[in-house]
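S.K.: One structure follows; several queries about it will come next.
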Amino acid sequence: MPSKPLPPITMDAVYAAPGYLFRRMQQIAVSIFMEECKAFDLTPVQYAALIAIHTHPGIDATRLSAVIAFDRSTLGSVIERLQSKHFVERKPAPEDKRIKLLYLTKSGAAILREIIPAVERAQARMLAPLKPSERKALMELMTQLVDLNNEVSRVPLRAEDALEHLGKAG
């Protein structure tokens, strides 16, 4: 049985692929975030880590990784950068001194309050080219895709499991 001929190889096929479009949107989203937040010298992941530490003081790095769905081995350097900027401090856990618990410093809490308007501008800019109804539809579809594909992620979101161990679920 003869095989079906392959379609011609063109860049159009790449440009129309969902993976390519997701990657490009990620590049655009990071670029917009960095433009809006340049005065604060924080990356999107550093911002997410600060929010999680603020929301769950005393979280350890393993649980932080689960809460923000970020690779644990890479998260160490993120925490080190936040610590070198004096935004986060690590304290030994009372029950096991080998475990370091994370807390915002006064500077960390202050920068978090200051950066929020810039982050909100960045989020608005990402969706600005769309009509309000399109923004809502896009957000619903992206949320659905992320939820339904969570388990195939390199780092699935495990916020509930992580927070349950902290005794601070909810």
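To be explicit about the labels: the chains of the structure tokens are called A, B, and onward in the order shown, and within each one the residues are counted from 1, while ligands get numbers from 1 in the order they are shown.
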For the interface of stretch 67-116 of chain A with stretch 31-42 of chain A (cut-off 12 Å, counting only C-alpha atoms), please tabulate each contacting residue of stretch 67-116 of chain A alongside its nearest pair of atoms and their separation in Å to one decimal, rows sorted by chain and increasing number, as JSON lines.

M.R.:
{"residue": "A:Val78", "atom": "CA", "partner": "A:Leu42", "partner_atom": "CA", "distance": 10.1}
{"residue": "A:Ile79", "atom": "CA", "partner": "A:Leu42", "partner_atom": "CA", "distance": 11.8}
{"residue": "A:Arg81", "atom": "CA", "partner": "A:Leu42", "partner_atom": "CA", "distance": 9.5}
{"residue": "A:Leu82", "atom": "CA", "partner": "A:Leu42", "partner_atom": "CA", "distance": 8.7}
{"residue": "A:Lys85", "atom": "CA", "partner": "A:Asp41", "partner_atom": "CA", "distance": 9.5}
{"residue": "A:Phe87", "atom": "CA", "partner": "A:Leu42", "partner_atom": "CA", "distance": 10.7}
{"residue": "A:Ser107", "atom": "CA", "partner": "A:Phe40", "partner_atom": "CA", "distance": 11.7}
{"residue": "A:Gly108", "atom": "CA", "partner": "A:Phe40", "partner_atom": "CA", "distance": 11.0}
{"residue": "A:Ala110", "atom": "CA", "partner": "A:Phe40", "partner_atom": "CA", "distance": 11.0}
{"residue": "A:Ile111", "atom": "CA", "partner": "A:Phe40", "partner_atom": "CA", "distance": 7.4}
{"residue": "A:Leu112", "atom": "CA", "partner": "A:Phe40", "partner_atom": "CA", "distance": 9.4}
{"residue": "A:Arg113", "atom": "CA", "partner": "A:Phe40", "partner_atom": "CA", "distance": 11.2}
{"residue": "A:Glu114", "atom": "CA", "partner": "A:Phe40", "partner_atom": "CA", "distance": 8.5}
{"residue": "A:Ile115", "atom": "CA", "partner": "A:Phe40", "partner_atom": "CA", "distance": 6.8}
{"residue": "A:Ile116", "atom": "CA", "partner": "A:Cys37", "partner_atom": "CA", "distance": 9.1}

S.K.: Restrict the selected residues to C-alpha atoms and save them as a CSV table (one decimal), in the first residue's frame.

M.R.:
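So the final result, stored in again_15.csv, reads:
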chain,number,residue,atom,x,y,z
A,78,VAL,CA,15.7,32.0,42.2
A,79,ILE,CA,15.6,31.8,46.0
A,81,ARG,CA,18.8,35.8,44.0
A,82,LEU,CA,15.8,36.9,46.2
A,85,LYS,CA,18.4,41.2,47.1
A,87,PHE,CA,13.8,40.2,49.8
A,107,SER,CA,12.2,44.9,51.9
A,108,GLY,CA,10.5,41.9,50.2
A,110,ALA,CA,7.7,46.5,50.4
A,111,ILE,CA,8.8,45.7,46.9
A,112,LEU,CA,5.8,43.3,46.6
A,113,ARG,CA,3.4,46.2,47.4
A,114,GLU,CA,5.2,48.5,45.1
A,115,ILE,CA,5.4,46.2,42.1
A,116,ILE,CA,1.8,45.1,42.0

S.K.: List every residue of chain A that DSSP, applied to the backbone, labels as strand (DSSP E or B), and write the result as a VMD selection string.

M.R.: chain A and resid 59 to 60 88 to 92 100 to 104

S.K.: Using DSSP assignments from the backbone, pull out every residue in stretch 19-170 of chain A that falls under alpha helix (DSSP H) and give it to me as a PDB file with C-alpha atoms, in the first residue's frame.

M.R.:
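Printed below is out_10.pdb as written:
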ATOM      1  CA  GLY A  19       3.306  24.816  20.587  1.00  0.00           C
ATOM      2  CA  TYR A  20       5.013  27.522  18.545  1.00  0.00           C
ATOM      3  CA  LEU A  21       2.259  30.021  19.358  1.00  0.00           C
ATOM      4  CA  PHE A  22       2.412  29.199  23.102  1.00  0.00           C
ATOM      5  CA  ARG A  23       6.199  29.653  23.062  1.00  0.00           C
ATOM      6  CA  ARG A  24       5.914  32.994  21.255  1.00  0.00           C
ATOM      7  CA  MET A  25       3.223  34.202  23.654  1.00  0.00           C
ATOM      8  CA  GLN A  26       5.460  33.215  26.583  1.00  0.00           C
ATOM      9  CA  GLN A  27       8.277  35.285  25.057  1.00  0.00           C
ATOM     10  CA  ILE A  28       5.918  38.219  24.587  1.00  0.00           C
ATOM     11  CA  ALA A  29       4.497  37.886  28.109  1.00  0.00           C
ATOM     12  CA  VAL A  30       7.964  37.859  29.702  1.00  0.00           C
ATOM     13  CA  SER A  31       9.042  40.812  27.559  1.00  0.00           C
ATOM     14  CA  ILE A  32       6.013  42.868  28.588  1.00  0.00           C
ATOM     15  CA  PHE A  33       6.479  41.907  32.256  1.00  0.00           C
ATOM     16  CA  MET A  34      10.145  42.915  32.141  1.00  0.00           C
ATOM     17  CA  GLU A  35       9.314  46.260  30.469  1.00  0.00           C
ATOM     18  CA  GLU A  36       6.638  47.155  32.993  1.00  0.00           C
ATOM     19  CA  PRO A  44       8.088  36.717  36.609  1.00  0.00           C
ATOM     20  CA  VAL A  45       9.240  33.631  38.549  1.00  0.00           C
ATOM     21  CA  GLN A  46      10.809  35.750  41.288  1.00  0.00           C
ATOM     22  CA  TYR A  47       7.545  37.683  41.532  1.00  0.00           C
ATOM     23  CA  ALA A  48       5.522  34.448  41.792  1.00  0.00           C
ATOM     24  CA  ALA A  49       7.896  33.173  44.486  1.00  0.00           C
ATOM     25  CA  LEU A  50       7.514  36.385  46.486  1.00  0.00           C
ATOM     26  CA  ILE A  51       3.720  36.160  46.265  1.00  0.00           C
ATOM     27  CA  ALA A  52       3.770  32.516  47.406  1.00  0.00           C
ATOM     28  CA  ILE A  53       6.140  33.255  50.302  1.00  0.00           C
ATOM     29  CA  HIS A  54       4.020  36.245  51.305  1.00  0.00           C
ATOM     30  CA  THR A  55       0.862  34.128  51.183  1.00  0.00           C
ATOM     31  CA  ALA A  61      11.563  25.280  48.806  1.00  0.00           C
ATOM     32  CA  THR A  62      10.002  21.928  47.896  1.00  0.00           C
ATOM     33  CA  ARG A  63       6.509  23.150  48.664  1.00  0.00           C
ATOM     34  CA  LEU A  64       7.227  26.504  47.022  1.00  0.00           C
ATOM     35  CA  SER A  65       8.157  24.608  43.876  1.00  0.00           C
ATOM     36  CA  ALA A  66       4.797  22.799  43.955  1.00  0.00           C
ATOM     37  CA  VAL A  67       2.825  25.992  44.650  1.00  0.00           C
ATOM     38  CA  ILE A  68       4.270  27.932  41.701  1.00  0.00           C
ATOM     39  CA  ARG A  72      12.827  22.506  42.165  1.00  0.00           C
ATOM     40  CA  SER A  73      16.455  22.403  40.996  1.00  0.00           C
ATOM     41  CA  THR A  74      16.143  25.758  39.215  1.00  0.00           C
ATOM     42  CA  LEU A  75      14.149  27.298  42.053  1.00  0.00           C
ATOM     43  CA  GLY A  76      17.235  27.219  44.270  1.00  0.00           C
ATOM     44  CA  SER A  77      18.915  29.908  42.177  1.00  0.00           C
ATOM     45  CA  VAL A  78      15.706  31.984  42.197  1.00  0.00           C
ATOM     46  CA  ILE A  79      15.635  31.846  46.004  1.00  0.00           C
ATOM     47  CA  GLU A  80      19.343  32.717  46.165  1.00  0.00           C
ATOM     48  CA  ARG A  81      18.763  35.802  43.997  1.00  0.00           C
ATOM     49  CA  LEU A  82      15.846  36.902  46.165  1.00  0.00           C
ATOM     50  CA  GLN A  83      17.954  36.353  49.246  1.00  0.00           C
ATOM     51  CA  SER A  84      20.884  38.340  47.789  1.00  0.00           C
ATOM     52  CA  LYS A 106      10.554  44.014  55.243  1.00  0.00           C
ATOM     53  CA  SER A 107      12.208  44.929  51.921  1.00  0.00           C
ATOM     54  CA  GLY A 108      10.544  41.948  50.235  1.00  0.00           C
ATOM     55  CA  ALA A 109       7.115  42.935  51.537  1.00  0.00           C
ATOM     56  CA  ALA A 110       7.704  46.543  50.441  1.00  0.00           C
ATOM     57  CA  ILE A 111       8.771  45.650  46.888  1.00  0.00           C
ATOM     58  CA  LEU A 112       5.806  43.336  46.572  1.00  0.00           C
ATOM     59  CA  ARG A 113       3.426  46.182  47.443  1.00  0.00           C
ATOM     60  CA  GLU A 114       5.241  48.537  45.058  1.00  0.00           C
ATOM     61  CA  ILE A 115       5.418  46.182  42.065  1.00  0.00           C
ATOM     62  CA  ILE A 116       1.754  45.147  41.973  1.00  0.00           C
ATOM     63  CA  PRO A 117       0.557  48.115  39.837  1.00  0.00           C
ATOM     64  CA  ALA A 118       3.321  47.392  37.291  1.00  0.00           C
ATOM     65  CA  VAL A 119       2.390  43.696  37.186  1.00  0.00           C
ATOM     66  CA  GLU A 120      -1.250  44.605  36.680  1.00  0.00           C
ATOM     67  CA  ARG A 121      -0.266  46.900  33.781  1.00  0.00           C
ATOM     68  CA  ALA A 122       1.765  44.065  32.255  1.00  0.00           C
ATOM     69  CA  GLN A 123      -1.142  41.627  32.516  1.00  0.00           C
ATOM     70  CA  ALA A 124      -3.493  44.162  30.936  1.00  0.00           C
ATOM     71  CA  ARG A 125      -1.038  44.861  28.093  1.00  0.00           C
ATOM     72  CA  MET A 126      -0.791  41.162  27.250  1.00  0.00           C
ATOM     73  CA  LEU A 127      -4.507  41.031  26.540  1.00  0.00           C
ATOM     74  CA  PRO A 132     -13.155  42.193  26.202  1.00  0.00           C
ATOM     75  CA  SER A 133     -15.197  39.162  25.113  1.00  0.00           C
ATOM     76  CA  GLU A 134     -12.124  37.682  23.402  1.00  0.00           C
ATOM     77  CA  ARG A 135     -10.024  38.246  26.543  1.00  0.00           C
ATOM     78  CA  LYS A 136     -12.577  36.392  28.630  1.00  0.00           C
ATOM     79  CA  ALA A 137     -12.786  33.525  26.119  1.00  0.00           C
ATOM     80  CA  LEU A 138      -8.998  33.266  25.839  1.00  0.00           C
ATOM     81  CA  MET A 139      -8.558  33.178  29.613  1.00  0.00           C
ATOM     82  CA  GLU A 140     -11.237  30.502  29.964  1.00  0.00           C
ATOM     83  CA  LEU A 141      -9.678  28.352  27.236  1.00  0.00           C
ATOM     84  CA  MET A 142      -6.117  28.785  28.561  1.00  0.00           C
ATOM     85  CA  THR A 143      -7.269  27.886  32.078  1.00  0.00           C
ATOM     86  CA  GLN A 144      -9.005  24.811  30.713  1.00  0.00           C
ATOM     87  CA  LEU A 145      -5.954  23.737  28.698  1.00  0.00           C
ATOM     88  CA  VAL A 146      -3.603  24.225  31.640  1.00  0.00           C
ATOM     89  CA  ASP A 147      -5.900  22.323  34.008  1.00  0.00           C
ATOM     90  CA  LEU A 148      -6.487  19.439  31.600  1.00  0.00           C
ATOM     91  CA  ALA A 159      -0.528  23.771  45.325  1.00  0.00           C
ATOM     92  CA  GLU A 160      -3.199  21.984  47.359  1.00  0.00           C
ATOM     93  CA  ASP A 161      -0.900  19.073  48.234  1.00  0.00           C
ATOM     94  CA  ALA A 162       1.923  21.413  49.205  1.00  0.00           C
ATOM     95  CA  LEU A 163      -0.265  23.632  51.356  1.00  0.00           C
ATOM     96  CA  GLU A 164      -1.947  20.685  53.046  1.00  0.00           C
ATOM     97  CA  HIS A 165       1.472  19.710  54.457  1.00  0.00           C
ATOM     98  CA  LEU A 166       1.893  23.225  55.775  1.00  0.00           C
TER      99      LEU A 166
END

S.K.: With distances taken over only C-alpha atoms, which residue among A:Ile59, A:Asn150, A:Asp71, A:Tyr103 lies nearest A:His86?

M.R.: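 Counting only C-alpha atoms, the residue closest to A:His86 is A:Tyr103.
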
S.K.: Skip A:Gly58 itself and residues of its chain fewer than 6 positions away, then list as a PDB file with C-alpha atoms, in the first residue's frame all residues within 9 Å of it, counting only C-alpha atoms.

M.R.:
ATOM      1  CA  ARG A  90      15.788  31.448  55.189  1.00  0.00           C
ATOM      2  CA  LYS A  91      15.389  30.137  58.721  1.00  0.00           C
ATOM      3  CA  ALA A  93      12.704  24.635  60.659  1.00  0.00           C
ATOM      4  CA  LYS A 100      15.078  25.970  55.539  1.00  0.00           C
ATOM      5  CA  LEU A 101      11.831  27.898  55.760  1.00  0.00           C
ATOM      6  CA  LEU A 102      11.288  31.005  53.666  1.00  0.00           C
ATOM      7  CA  TYR A 103      10.013  34.359  54.874  1.00  0.00           C
ATOM      8  CA  LEU A 166       1.893  23.225  55.775  1.00  0.00           C
TER       9      LEU A 166
END
